[in-house]
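Undergrad: Got model26.pdb for you, PDB, C-alpha atoms, pLDDT in the B column:
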MODEL        1
ATOM      1  CA  MET A   1     -24.274  19.908 -59.249  1.00 43.00           C
ATOM      2  CA  LYS A   2     -26.203  19.445 -56.031  1.00 38.00           C
ATOM      3  CA  LYS A   3     -26.011  15.687 -56.476  1.00 39.00           C
ATOM      4  CA  ILE A   4     -22.212  15.872 -56.853  1.00 38.00           C
ATOM      5  CA  ASN A   5     -21.882  18.025 -53.698  1.00 43.00           C
ATOM      6  CA  LEU A   6     -24.138  15.630 -51.790  1.00 38.00           C
ATOM      7  CA  ALA A   7     -22.077  12.663 -52.942  1.00 41.00           C
ATOM      8  CA  LEU A   8     -18.835  14.362 -51.917  1.00 36.00           C
ATOM      9  CA  THR A   9     -20.273  15.264 -48.518  1.00 39.00           C
ATOM     10  CA  SER A  10     -21.387  11.682 -47.953  1.00 41.00           C
ATOM     11  CA  LEU A  11     -17.957  10.400 -48.951  1.00 39.00           C
ATOM     12  CA  VAL A  12     -16.225  12.784 -46.519  1.00 38.00           C
ATOM     13  CA  LEU A  13     -18.623  11.756 -43.713  1.00 38.00           C
ATOM     14  CA  ILE A  14     -18.034   8.051 -44.338  1.00 38.00           C
ATOM     15  CA  SER A  15     -14.261   8.595 -44.347  1.00 42.00           C
ATOM     16  CA  PHE A  16     -14.494  10.544 -41.074  1.00 37.00           C
ATOM     17  CA  LEU A  17     -16.590   7.887 -39.354  1.00 39.00           C
ATOM     18  CA  SER A  18     -14.263   5.181 -40.616  1.00 42.00           C
ATOM     19  CA  SER A  19     -11.223   7.004 -39.289  1.00 41.00           C
ATOM     20  CA  CYS A  20     -12.961   7.513 -35.927  1.00 42.00           C
ATOM     21  CA  ASN A  21     -13.730   3.826 -35.692  1.00 42.00           C
ATOM     22  CA  ASP A  22     -10.128   2.991 -36.517  1.00 41.00           C
ATOM     23  CA  LYS A  23      -8.946   5.516 -33.955  1.00 38.00           C
ATOM     24  CA  LYS A  24     -11.175   4.022 -31.280  1.00 37.00           C
ATOM     25  CA  LEU A  25      -9.727   0.625 -31.952  1.00 35.00           C
ATOM     26  CA  THR A  26      -6.135   1.823 -31.860  1.00 34.00           C
ATOM     27  CA  GLU A  27      -6.667   3.867 -28.647  1.00 35.00           C
ATOM     28  CA  VAL A  28      -7.910   0.954 -26.557  1.00 38.00           C
ATOM     29  CA  VAL A  29      -5.201   0.192 -24.012  1.00 37.00           C
ATOM     30  CA  GLU A  30      -5.050  -2.329 -21.242  1.00 44.00           C
ATOM     31  CA  VAL A  31      -4.794  -0.732 -17.785  1.00 37.00           C
ATOM     32  CA  PRO A  32      -2.916  -3.010 -15.395  1.00 45.00           C
ATOM     33  CA  LEU A  33      -4.211  -3.537 -11.857  1.00 44.00           C
ATOM     34  CA  PRO A  34      -2.178  -1.837  -9.118  1.00 43.00           C
ATOM     35  CA  THR A  35       0.605  -3.898  -7.648  1.00 46.00           C
ATOM     36  CA  ALA A  36       0.668  -4.859  -4.006  1.00 43.00           C
ATOM     37  CA  GLN A  37       3.209  -2.113  -3.393  1.00 41.00           C
ATOM     38  CA  GLU A  38       0.922   0.501  -4.923  1.00 38.00           C
ATOM     39  CA  LYS A  39      -2.140  -0.398  -2.852  1.00 53.00           C
ATOM     40  CA  VAL A  40      -3.001   1.644   0.238  1.00 62.00           C
ATOM     41  CA  THR A  41      -1.559   0.032   3.338  1.00 75.00           C
ATOM     42  CA  ILE A  42      -3.411   0.431   6.622  1.00 86.00           C
ATOM     43  CA  GLY A  43      -1.192   0.406   9.683  1.00 90.00           C
ATOM     44  CA  PHE A  44      -1.843  -0.370  13.333  1.00 95.00           C
ATOM     45  CA  PRO A  45      -2.994   2.092  16.025  1.00 95.00           C
ATOM     46  CA  ASP A  46      -0.468   0.775  18.539  1.00 94.00           C
ATOM     47  CA  ASP A  47       2.376   1.861  16.251  1.00 95.00           C
ATOM     48  CA  VAL A  48       1.432   5.539  16.637  1.00 96.00           C
ATOM     49  CA  LYS A  49       3.240   7.327  19.449  1.00 96.00           C
ATOM     50  CA  ALA A  50       3.207  10.944  20.535  1.00 97.00           C
ATOM     51  CA  ALA A  51       6.398  12.817  21.333  1.00 95.00           C
ATOM     52  CA  GLU A  52       7.461  12.914  24.974  1.00 95.00           C
ATOM     53  CA  GLY A  53       5.212  15.155  27.031  1.00 96.00           C
ATOM     54  CA  SER A  54       2.482  15.375  29.654  1.00 96.00           C
ATOM     55  CA  PHE A  55      -0.154  13.761  27.420  1.00 98.00           C
ATOM     56  CA  GLN A  56       0.008  10.645  25.312  1.00 97.00           C
ATOM     57  CA  LEU A  57      -2.419   9.247  22.773  1.00 97.00           C
ATOM     58  CA  ASP A  58      -5.397   7.469  24.223  1.00 96.00           C
ATOM     59  CA  LYS A  59      -5.053   3.906  22.949  1.00 95.00           C
ATOM     60  CA  LEU A  60      -7.565   3.236  20.218  1.00 95.00           C
ATOM     61  CA  PRO A  61      -9.633   0.322  21.598  1.00 91.00           C
ATOM     62  CA  TYR A  62     -10.163  -1.316  18.191  1.00 97.00           C
ATOM     63  CA  PRO A  63      -8.301  -1.726  14.871  1.00 97.00           C
ATOM     64  CA  TYR A  64      -8.745   0.777  12.052  1.00 97.00           C
ATOM     65  CA  ASP A  65     -11.168  -1.451  10.154  1.00 97.00           C
ATOM     66  CA  ALA A  66     -13.406  -2.274  13.128  1.00 97.00           C
ATOM     67  CA  LEU A  67     -16.007   0.457  12.557  1.00 98.00           C
ATOM     68  CA  ALA A  68     -16.518  -0.067   8.824  1.00 97.00           C
ATOM     69  CA  PRO A  69     -18.662   0.785   6.964  1.00 96.00           C
ATOM     70  CA  THR A  70     -19.633   3.651   9.309  1.00 97.00           C
ATOM     71  CA  ILE A  71     -16.011   4.790   9.524  1.00 98.00           C
ATOM     72  CA  SER A  72     -13.740   3.578   6.721  1.00 96.00           C
ATOM     73  CA  PRO A  73     -10.349   2.126   7.713  1.00 97.00           C
ATOM     74  CA  LEU A  74      -8.434   4.835   5.837  1.00 96.00           C
ATOM     75  CA  THR A  75     -10.524   7.591   7.442  1.00 97.00           C
ATOM     76  CA  LEU A  76      -9.879   6.245  10.923  1.00 98.00           C
ATOM     77  CA  GLU A  77      -6.167   5.757  10.321  1.00 97.00           C
ATOM     78  CA  VAL A  78      -5.660   9.288   8.994  1.00 97.00           C
ATOM     79  CA  HIS A  79      -7.849  10.735  11.731  1.00 98.00           C
ATOM     80  CA  TYR A  80      -6.055   8.929  14.544  1.00 98.00           C
ATOM     81  CA  SER A  81      -2.458   8.826  13.328  1.00 97.00           C
ATOM     82  CA  LYS A  82      -2.328  12.309  11.776  1.00 97.00           C
ATOM     83  CA  HIS A  83      -4.940  14.692  13.199  1.00 98.00           C
ATOM     84  CA  TYR A  84      -5.159  13.339  16.743  1.00 98.00           C
ATOM     85  CA  LEU A  85      -1.408  12.864  16.942  1.00 98.00           C
ATOM     86  CA  THR A  86      -0.832  16.466  15.838  1.00 98.00           C
ATOM     87  CA  TYR A  87      -3.210  17.867  18.464  1.00 98.00           C
ATOM     88  CA  THR A  88      -1.483  15.799  21.140  1.00 98.00           C
ATOM     89  CA  ASN A  89       2.023  16.908  20.196  1.00 98.00           C
ATOM     90  CA  ASN A  90       0.940  20.536  19.860  1.00 98.00           C
ATOM     91  CA  LEU A  91      -0.760  20.412  23.270  1.00 98.00           C
ATOM     92  CA  ASN A  92       2.407  19.121  24.913  1.00 98.00           C
ATOM     93  CA  GLU A  93       4.435  21.887  23.296  1.00 97.00           C
ATOM     94  CA  ALA A  94       1.924  24.546  24.339  1.00 97.00           C
ATOM     95  CA  ILE A  95       1.937  23.587  28.033  1.00 98.00           C
ATOM     96  CA  ALA A  96       5.636  22.760  28.421  1.00 97.00           C
ATOM     97  CA  GLY A  97       7.086  24.864  31.231  1.00 95.00           C
ATOM     98  CA  THR A  98       3.709  26.417  32.117  1.00 96.00           C
ATOM     99  CA  GLU A  99       1.320  26.067  35.041  1.00 95.00           C
ATOM    100  CA  TYR A 100      -0.697  23.579  32.993  1.00 97.00           C
ATOM    101  CA  GLU A 101       2.083  21.048  32.513  1.00 95.00           C
ATOM    102  CA  ASN A 102       1.016  18.738  35.358  1.00 94.00           C
ATOM    103  CA  GLN A 103      -2.725  19.402  35.317  1.00 97.00           C
ATOM    104  CA  SER A 104      -5.471  17.144  34.001  1.00 97.00           C
ATOM    105  CA  ILE A 105      -6.934  17.895  30.599  1.00 98.00           C
ATOM    106  CA  GLU A 106     -10.278  18.701  32.244  1.00 97.00           C
ATOM    107  CA  ASP A 107      -8.627  21.294  34.516  1.00 97.00           C
ATOM    108  CA  ILE A 108      -6.794  22.833  31.579  1.00 98.00           C
ATOM    109  CA  LEU A 109      -9.994  23.159  29.563  1.00 98.00           C
ATOM    110  CA  SER A 110     -11.916  24.723  32.450  1.00 97.00           C
ATOM    111  CA  LYS A 111      -9.203  27.359  32.966  1.00 96.00           C
ATOM    112  CA  VAL A 112      -7.933  28.124  29.472  1.00 96.00           C
ATOM    113  CA  ASP A 113      -8.317  31.717  28.304  1.00 95.00           C
ATOM    114  CA  PRO A 114     -10.582  31.750  25.224  1.00 93.00           C
ATOM    115  CA  ASN A 115      -8.155  34.233  23.682  1.00 95.00           C
ATOM    116  CA  ASP A 116      -5.307  31.730  23.936  1.00 96.00           C
ATOM    117  CA  THR A 117      -6.164  30.108  20.617  1.00 96.00           C
ATOM    118  CA  GLU A 118      -3.144  27.789  20.479  1.00 96.00           C
ATOM    119  CA  LEU A 119      -3.852  26.145  23.835  1.00 97.00           C
ATOM    120  CA  ARG A 120      -7.625  26.299  23.375  1.00 97.00           C
ATOM    121  CA  ASN A 121      -7.543  24.556  19.989  1.00 98.00           C
ATOM    122  CA  ASN A 122      -5.010  21.876  20.852  1.00 98.00           C
ATOM    123  CA  ALA A 123      -6.309  21.047  24.326  1.00 98.00           C
ATOM    124  CA  GLY A 124      -9.792  20.862  22.845  1.00 98.00           C
ATOM    125  CA  GLY A 125      -8.568  18.750  19.944  1.00 98.00           C
ATOM    126  CA  TYR A 126      -6.928  16.291  22.317  1.00 98.00           C
ATOM    127  CA  TYR A 127      -9.897  15.957  24.686  1.00 98.00           C
ATOM    128  CA  ASN A 128     -12.591  15.925  22.001  1.00 98.00           C
ATOM    129  CA  HIS A 129     -10.973  13.174  19.956  1.00 98.00           C
ATOM    130  CA  THR A 130     -10.243  11.065  23.027  1.00 98.00           C
ATOM    131  CA  LEU A 131     -13.943  11.077  23.930  1.00 98.00           C
ATOM    132  CA  TYR A 132     -14.929  10.479  20.298  1.00 98.00           C
ATOM    133  CA  TRP A 133     -12.875   7.246  20.097  1.00 98.00           C
ATOM    134  CA  ARG A 134     -14.456   6.024  23.325  1.00 98.00           C
ATOM    135  CA  SER A 135     -17.958   6.886  22.120  1.00 98.00           C
ATOM    136  CA  MET A 136     -17.763   4.174  19.450  1.00 98.00           C
ATOM    137  CA  ALA A 137     -17.204   0.437  19.343  1.00 98.00           C
ATOM    138  CA  PRO A 138     -17.535  -2.438  16.857  1.00 97.00           C
ATOM    139  CA  ASN A 139     -20.696  -4.527  17.137  1.00 95.00           C
ATOM    140  CA  ALA A 140     -22.343  -1.718  19.062  1.00 97.00           C
ATOM    141  CA  GLY A 141     -25.225   0.643  18.312  1.00 96.00           C
ATOM    142  CA  GLY A 142     -28.794  -0.336  19.031  1.00 95.00           C
ATOM    143  CA  VAL A 143     -30.527   1.361  21.947  1.00 95.00           C
ATOM    144  CA  PRO A 144     -29.123   2.129  25.402  1.00 95.00           C
ATOM    145  CA  SER A 145     -30.028   0.094  28.456  1.00 89.00           C
ATOM    146  CA  ASP A 146     -29.281   0.249  32.178  1.00 87.00           C
ATOM    147  CA  THR A 147     -29.439   3.623  33.895  1.00 93.00           C
ATOM    148  CA  LEU A 148     -28.945   5.646  30.743  1.00 96.00           C
ATOM    149  CA  ALA A 149     -32.110   4.356  29.081  1.00 97.00           C
ATOM    150  CA  ALA A 150     -34.277   5.609  31.949  1.00 97.00           C
ATOM    151  CA  VAL A 151     -32.447   8.944  32.092  1.00 98.00           C
ATOM    152  CA  ILE A 152     -32.892   9.546  28.344  1.00 98.00           C
ATOM    153  CA  THR A 153     -36.635   8.888  28.691  1.00 98.00           C
ATOM    154  CA  ARG A 154     -36.780  11.203  31.703  1.00 98.00           C
ATOM    155  CA  ASP A 155     -34.978  14.100  30.011  1.00 98.00           C
ATOM    156  CA  PHE A 156     -36.143  13.747  26.386  1.00 98.00           C
ATOM    157  CA  GLY A 157     -39.476  11.971  26.699  1.00 98.00           C
ATOM    158  CA  SER A 158     -38.345   8.970  24.666  1.00 97.00           C
ATOM    159  CA  TYR A 159     -35.315   7.509  22.952  1.00 98.00           C
ATOM    160  CA  ASP A 160     -36.686   8.542  19.550  1.00 98.00           C
ATOM    161  CA  ASN A 161     -37.006  12.139  20.762  1.00 98.00           C
ATOM    162  CA  PHE A 162     -33.391  12.039  21.877  1.00 98.00           C
ATOM    163  CA  VAL A 163     -32.201  10.678  18.517  1.00 98.00           C
ATOM    164  CA  ASN A 164     -34.146  13.352  16.627  1.00 98.00           C
ATOM    165  CA  SER A 165     -32.765  16.086  18.877  1.00 98.00           C
ATOM    166  CA  PHE A 166     -29.166  14.911  18.495  1.00 98.00           C
ATOM    167  CA  LYS A 167     -29.379  14.485  14.730  1.00 98.00           C
ATOM    168  CA  ALA A 168     -31.003  17.904  14.339  1.00 98.00           C
ATOM    169  CA  GLU A 169     -28.262  19.559  16.404  1.00 98.00           C
ATOM    170  CA  ALA A 170     -25.523  17.825  14.415  1.00 98.00           C
ATOM    171  CA  THR A 171     -27.112  18.451  11.017  1.00 97.00           C
ATOM    172  CA  LYS A 172     -27.578  22.191  11.493  1.00 97.00           C
ATOM    173  CA  GLN A 173     -23.865  22.772  12.084  1.00 95.00           C
ATOM    174  CA  PHE A 174     -22.015  24.617   9.355  1.00 92.00           C
ATOM    175  CA  GLY A 175     -18.329  23.893   8.890  1.00 92.00           C
ATOM    176  CA  SER A 176     -16.048  22.360  11.507  1.00 97.00           C
ATOM    177  CA  ALA A 177     -17.966  21.461  14.652  1.00 98.00           C
ATOM    178  CA  TRP A 178     -18.860  18.854  17.280  1.00 98.00           C
ATOM    179  CA  ALA A 179     -22.160  17.505  18.619  1.00 98.00           C
ATOM    180  CA  TRP A 180     -22.357  16.509  22.282  1.00 98.00           C
ATOM    181  CA  VAL A 181     -24.440  14.865  24.956  1.00 98.00           C
ATOM    182  CA  VAL A 182     -23.588  16.411  28.314  1.00 98.00           C
ATOM    183  CA  VAL A 183     -24.630  16.135  31.929  1.00 98.00           C
ATOM    184  CA  ASP A 184     -25.445  19.661  33.122  1.00 97.00           C
ATOM    185  CA  LYS A 185     -24.991  21.050  36.626  1.00 95.00           C
ATOM    186  CA  TYR A 186     -28.413  19.735  37.637  1.00 95.00           C
ATOM    187  CA  GLY A 187     -27.611  16.191  36.516  1.00 96.00           C
ATOM    188  CA  LYS A 188     -29.812  16.386  33.416  1.00 97.00           C
ATOM    189  CA  LEU A 189     -28.840  15.271  29.925  1.00 98.00           C
ATOM    190  CA  LYS A 190     -28.568  17.980  27.284  1.00 98.00           C
ATOM    191  CA  VAL A 191     -27.738  17.934  23.575  1.00 98.00           C
ATOM    192  CA  THR A 192     -25.470  20.731  22.429  1.00 98.00           C
ATOM    193  CA  SER A 193     -22.754  21.591  19.915  1.00 98.00           C
ATOM    194  CA  SER A 194     -19.570  23.633  19.577  1.00 98.00           C
ATOM    195  CA  GLN A 195     -17.470  25.078  16.792  1.00 97.00           C
ATOM    196  CA  ASN A 196     -13.912  24.159  15.861  1.00 97.00           C
ATOM    197  CA  GLN A 197     -12.295  22.320  18.814  1.00 98.00           C
ATOM    198  CA  ASP A 198     -14.312  23.983  21.565  1.00 98.00           C
ATOM    199  CA  ASN A 199     -16.264  21.839  24.001  1.00 98.00           C
ATOM    200  CA  PRO A 200     -18.741  22.151  26.904  1.00 98.00           C
ATOM    201  CA  LEU A 201     -15.981  22.159  29.546  1.00 98.00           C
ATOM    202  CA  MET A 202     -14.690  25.543  28.388  1.00 98.00           C
ATOM    203  CA  ARG A 203     -15.659  28.883  29.883  1.00 95.00           C
ATOM    204  CA  ASN A 204     -17.219  30.044  26.612  1.00 92.00           C
ATOM    205  CA  ALA A 205     -19.568  27.036  26.285  1.00 96.00           C
ATOM    206  CA  LEU A 206     -23.148  27.874  25.333  1.00 93.00           C
ATOM    207  CA  VAL A 207     -24.393  24.832  27.264  1.00 96.00           C
ATOM    208  CA  PRO A 208     -21.818  23.944  29.927  1.00 97.00           C
ATOM    209  CA  GLY A 209     -21.642  20.417  31.250  1.00 97.00           C
ATOM    210  CA  THR A 210     -19.671  17.200  31.419  1.00 98.00           C
ATOM    211  CA  PRO A 211     -19.528  15.552  27.985  1.00 98.00           C
ATOM    212  CA  ILE A 212     -20.418  11.859  27.873  1.00 98.00           C
ATOM    213  CA  LEU A 213     -20.739  11.406  24.091  1.00 98.00           C
ATOM    214  CA  ALA A 214     -19.042  13.207  21.207  1.00 98.00           C
ATOM    215  CA  LEU A 215     -19.538  13.251  17.431  1.00 98.00           C
ATOM    216  CA  ASP A 216     -16.819  14.810  15.289  1.00 98.00           C
ATOM    217  CA  LEU A 217     -18.323  16.882  12.447  1.00 98.00           C
ATOM    218  CA  TRP A 218     -15.062  18.083  10.907  1.00 97.00           C
ATOM    219  CA  GLU A 219     -14.664  17.042   7.277  1.00 96.00           C
ATOM    220  CA  HIS A 220     -11.645  14.880   8.041  1.00 96.00           C
ATOM    221  CA  ALA A 221     -13.914  12.676  10.182  1.00 97.00           C
ATOM    222  CA  TYR A 222     -16.139  11.582   7.307  1.00 97.00           C
ATOM    223  CA  TYR A 223     -15.235  13.032   3.894  1.00 95.00           C
ATOM    224  CA  LEU A 224     -13.230  10.087   2.550  1.00 94.00           C
ATOM    225  CA  GLY A 225     -16.244   7.851   3.064  1.00 94.00           C
ATOM    226  CA  TYR A 226     -19.221  10.158   2.606  1.00 97.00           C
ATOM    227  CA  GLN A 227     -17.986  13.206   0.648  1.00 95.00           C
ATOM    228  CA  TYR A 228     -20.692  15.902   0.934  1.00 94.00           C
ATOM    229  CA  ARG A 229     -23.267  13.523   2.514  1.00 96.00           C
ATOM    230  CA  ARG A 230     -22.641  14.492   6.121  1.00 97.00           C
ATOM    231  CA  ARG A 231     -26.204  13.595   7.111  1.00 97.00           C
ATOM    232  CA  ASN A 232     -25.511   9.973   6.132  1.00 98.00           C
ATOM    233  CA  TYR A 233     -22.478   9.981   8.416  1.00 98.00           C
ATOM    234  CA  ILE A 234     -24.581  11.352  11.282  1.00 98.00           C
ATOM    235  CA  ASP A 235     -27.228   8.671  10.733  1.00 98.00           C
ATOM    236  CA  SER A 236     -24.619   5.918  10.542  1.00 98.00           C
ATOM    237  CA  PHE A 237     -22.964   7.068  13.778  1.00 98.00           C
ATOM    238  CA  PHE A 238     -25.862   5.526  15.701  1.00 98.00           C
ATOM    239  CA  GLU A 239     -24.818   2.108  14.417  1.00 98.00           C
ATOM    240  CA  VAL A 240     -21.511   2.259  16.309  1.00 98.00           C
ATOM    241  CA  ILE A 241     -22.333   4.223  19.483  1.00 98.00           C
ATOM    242  CA  ASN A 242     -20.876   2.401  22.478  1.00 98.00           C
ATOM    243  CA  TRP A 243     -23.864   2.740  24.821  1.00 98.00           C
ATOM    244  CA  LYS A 244     -22.162   0.687  27.520  1.00 97.00           C
ATOM    245  CA  LYS A 245     -19.332   3.226  27.662  1.00 97.00           C
ATOM    246  CA  ILE A 246     -21.716   6.186  27.462  1.00 98.00           C
ATOM    247  CA  ASN A 247     -23.607   4.755  30.444  1.00 97.00           C
ATOM    248  CA  GLU A 248     -20.326   4.495  32.359  1.00 97.00           C
ATOM    249  CA  ASN A 249     -19.504   8.090  31.430  1.00 98.00           C
ATOM    250  CA  TYR A 250     -22.899   9.224  32.712  1.00 97.00           C
ATOM    251  CA  GLU A 251     -22.553   7.417  36.035  1.00 96.00           C
ATOM    252  CA  ALA A 252     -19.025   8.794  36.505  1.00 96.00           C
ATOM    253  CA  ALA A 253     -20.262  12.342  35.808  1.00 96.00           C
ATOM    254  CA  ILE A 254     -23.047  11.961  38.366  1.00 95.00           C
ATOM    255  CA  ARG A 255     -20.633  10.615  40.994  1.00 93.00           C
ATOM    256  CA  ARG A 256     -18.367  13.646  40.517  1.00 87.00           C
ATOM    257  CA  LYS A 257     -21.290  16.009  40.978  1.00 77.00           C
ATOM    258  CA  TYR A 258     -22.704  14.382  44.063  1.00 73.00           C
TER     259      TYR A 258
ENDMDL
END
For this file, produce the structure as structure tokens.
TA:
Amino acid sequence: MKKINLALTSLVLISFLSSCNDKKLTEVVEVPLPTAQEKVTIGFPDDVKAAEGSFQLDKLPYPYDALAPTISPLTLEVHYSKHYLTYTNNLNEAIAGTEYENQSIEDILSKVDPNDTELRNNAGGYYNHTLYWRSMAPNAGGVPSDTLAAVITRDFGSYDNFVNSFKAEATKQFGSAWAWVVVDKYGKLKVTSSQNQDNPLMRNALVPGTPILALDLWEHAYYLGYQYRRRNYIDSFFEVINWKKINENYEAAIRRKY
């Protein structure tokens, strides 16, 4: 009897495996490649225009694919043409008909009431992103030269110390934030950070100063390319830093102070 049961069980198992094999064969389907119309199309920065108002988009000084692989083309397009554009339009709406309408963005940020969240967020979003675009360039990175190199050594001890300090400040941020290099009121370089769209020009800044370099740590700045690996994005940022422009920013900040 046991032999009969064993034989029946084996027969059922063989039939099941056979049917599975047949099923696998019949379920294989050919997946066609996406058509040209279905592929993601990357546009051009110059095609993006803000609505009429006191502030317009700062022209992106490179195409969307120029910073790859540090910043993917799709990330940069969405960041510039959606997020930055929205902050710009919202800023213009917030200041229309107010005392701020004809003031510079720096003056607005230095005067804005921290409790005025609409103006604070959108003015910060406009300024922060504008500096962020200018902080990067294709075929850039490396180490700074000119005046900035000597100043970094003076204020941080060495370039490596500066890099470690900046990366540590950026990495410890939780959630939406920015990392900055600023020139403080004494003309010294400082590394600092801020939450949301705040920045060191605002009255509530923990380390006030004139920003000369900005790193966006919001998820929309890196998630399409790096997902949860924000530290990789921070490391890669140093491959596209536009040190020539940062040096110009530093010298301009010093001239304004003295």
Undergrad: Determine, for each residue of region 28-108 of chain A having at least one atom at most 10 Å from an atom of region 192-201 of chain A, the closest pair of atoms and their separation in Å to one decimal, counting all atoms listed in the file; order by chain and ascending number, as a tab-separated table.
TA:
residue	atom	partner	partner_atom	distance
A:Glu106	CA	A:Leu201	CA	7.2
A:Asp107	CA	A:Leu201	CA	8.9
A:Ile108	CA	A:Leu201	CA	9.4
Undergrad: Go ahead and save the picked residues with C-alpha atoms, as a CSV table (one decimal), in the coordinates of the input.
TA:
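Contents of part_19.csv, freshly written:
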chain,number,residue,atom,x,y,z
A,106,GLU,CA,-10.3,18.7,32.2
A,107,ASP,CA,-8.6,21.3,34.5
A,108,ILE,CA,-6.8,22.8,31.6
Undergrad: For the file shown, report as number ranges by chain the outcome of the PyMOL selection byres ((chain A and resi 115-129) around 7) at residue level.
TA: A: 84, 87-88, 90-91, 94, 105, 109, 112-114, 130-133, 197-199
Undergrad: Can you spell out as number ranges by chain the set of residues that the PyMOL selection byres ((chain A and resi 173-178) around 7) selects in the structure I just provided?
TA: A: 169-172, 179-180, 193-196, 214-219
Undergrad: Quick one, how far is CA of Glu239 (chain A) from CA of Pro63 (chain A)?
TA: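 Rounded to one decimal, the two atoms are 17.0 Å apart.
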Undergrad: Nearest to Gly43 (chain A) among A:Leu76, A:Ala150, A:Ile71, A:Val183, with distances taken over only C-alpha atoms: which residue is it?
TA: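 The closest residue to Gly43 (chain A) is A:Leu76.
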Undergrad: Closest to Lys185 (chain A) among A:Ala137, A:Leu74, A:Arg255, A:Pro208, using all atoms listed in the file?
TA: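 Between A:Ala137, A:Leu74, A:Arg255, A:Pro208, the residue approaching Lys185 (chain A) most closely is A:Pro208.
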Undergrad: Using all atoms listed in the file, which of the listed residues (A:Gly53, A:Gly187, A:Pro45, A:Gly97) sits closest to Glu77 (chain A)?
TA: A:Pro45
Undergrad: Suppose you want the space between CA of Ala253 (chain A) and CA of Lys188 (chain A); what is it in Å?
TA: 10.6 Å
Undergrad: Could you state the separation of CA of Gly142 (chain A) and CA of Val182 (chain A) in Å, given to one decimal place?
TA: 19.8 Å
Undergrad: Run through the PyMOL selection byres ((chain A and resi 222) around 12) on the given coordinates and return the selected residues as a ChimeraX atom specification.
TA: /A:68-79,176,215-221,223-237
Undergrad: Hey, which of A:Val191, A:Val143, A:Leu60, A:Leu85 ends up closest to Ile241 (chain A)? Count all atoms listed in the file.
TA: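 The closest residue to Ile241 (chain A) is A:Val143.
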Undergrad: Which one of A:Val163, A:Ala168, A:Met202, A:Ile95 sits closest to Ser110 (chain A) if you count all atoms listed in the file?
TA: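 The answer is A:Met202, which sits nearest to Ser110 (chain A).
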Undergrad: Point out the residue among A:Phe166, A:Leu67, A:Ile246, A:Arg134 with the least atom-to-atom distance to Ala149 (chain A), counting all atoms listed in the file.
TA: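 Closest to Ala149 (chain A) of all the choices is A:Ile246.
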Undergrad: Quick one: 5 Å padding each side, axis-aligned, all listed atoms of region 242-256 of chain A - centre and edge lengths in Å to one decimal, as lines of an AutoDock Vina configuration file?
TA:
center_x = -21.1
center_y = 7.2
center_z = 31.7
size_x = 15.5
size_y = 23.0
size_z = 28.5
Undergrad: Can you take region 175-203 of chain A from the block and write C-alpha atoms as an mmCIF file, in the first residue's frame?
TA:
data_model
loop_
_atom_site.group_PDB
_atom_site.id
_atom_site.type_symbol
_atom_site.label_atom_id
_atom_site.label_comp_id
_atom_site.auth_asym_id
_atom_site.auth_seq_id
_atom_site.Cartn_x
_atom_site.Cartn_y
_atom_site.Cartn_z
ATOM 1 C CA GLY A 175 16.031 66.325 6.177
ATOM 2 C CA SER A 176 15.881 69.373 3.920
ATOM 3 C CA ALA A 177 18.911 71.600 4.406
ATOM 4 C CA TRP A 178 21.827 73.502 2.865
ATOM 5 C CA ALA A 179 25.578 73.532 3.523
ATOM 6 C CA TRP A 180 27.467 76.802 3.087
ATOM 7 C CA VAL A 181 30.850 78.456 2.982
ATOM 8 C CA VAL A 182 30.509 82.049 4.152
ATOM 9 C CA VAL A 183 32.684 85.070 4.760
ATOM 10 C CA ASP A 184 31.929 86.288 8.291
ATOM 11 C CA LYS A 185 32.032 89.871 9.543
ATOM 12 C CA TYR A 186 35.752 89.557 10.265
ATOM 13 C CA GLY A 187 36.551 88.401 6.732
ATOM 14 C CA LYS A 188 37.159 84.788 7.763
ATOM 15 C CA LEU A 189 35.790 81.714 6.014
ATOM 16 C CA LYS A 190 33.310 79.606 7.960
ATOM 17 C CA VAL A 191 31.437 76.393 7.178
ATOM 18 C CA THR A 192 27.829 76.355 8.302
ATOM 19 C CA SER A 193 24.397 74.978 7.427
ATOM 20 C CA SER A 194 20.720 75.921 7.506
ATOM 21 C CA GLN A 195 17.387 74.147 7.422
ATOM 22 C CA ASN A 196 14.726 74.349 4.731
ATOM 23 C CA GLN A 197 15.369 77.461 2.583
ATOM 24 C CA ASP A 198 17.039 79.552 5.275
ATOM 25 C CA ASN A 199 20.493 80.974 4.654
ATOM 26 C CA PRO A 200 23.268 82.916 6.442
ATOM 27 C CA LEU A 201 21.960 86.305 5.257
ATOM 28 C CA MET A 202 18.823 85.994 7.384
ATOM 29 C CA ARG A 203 18.386 87.425 10.861
#
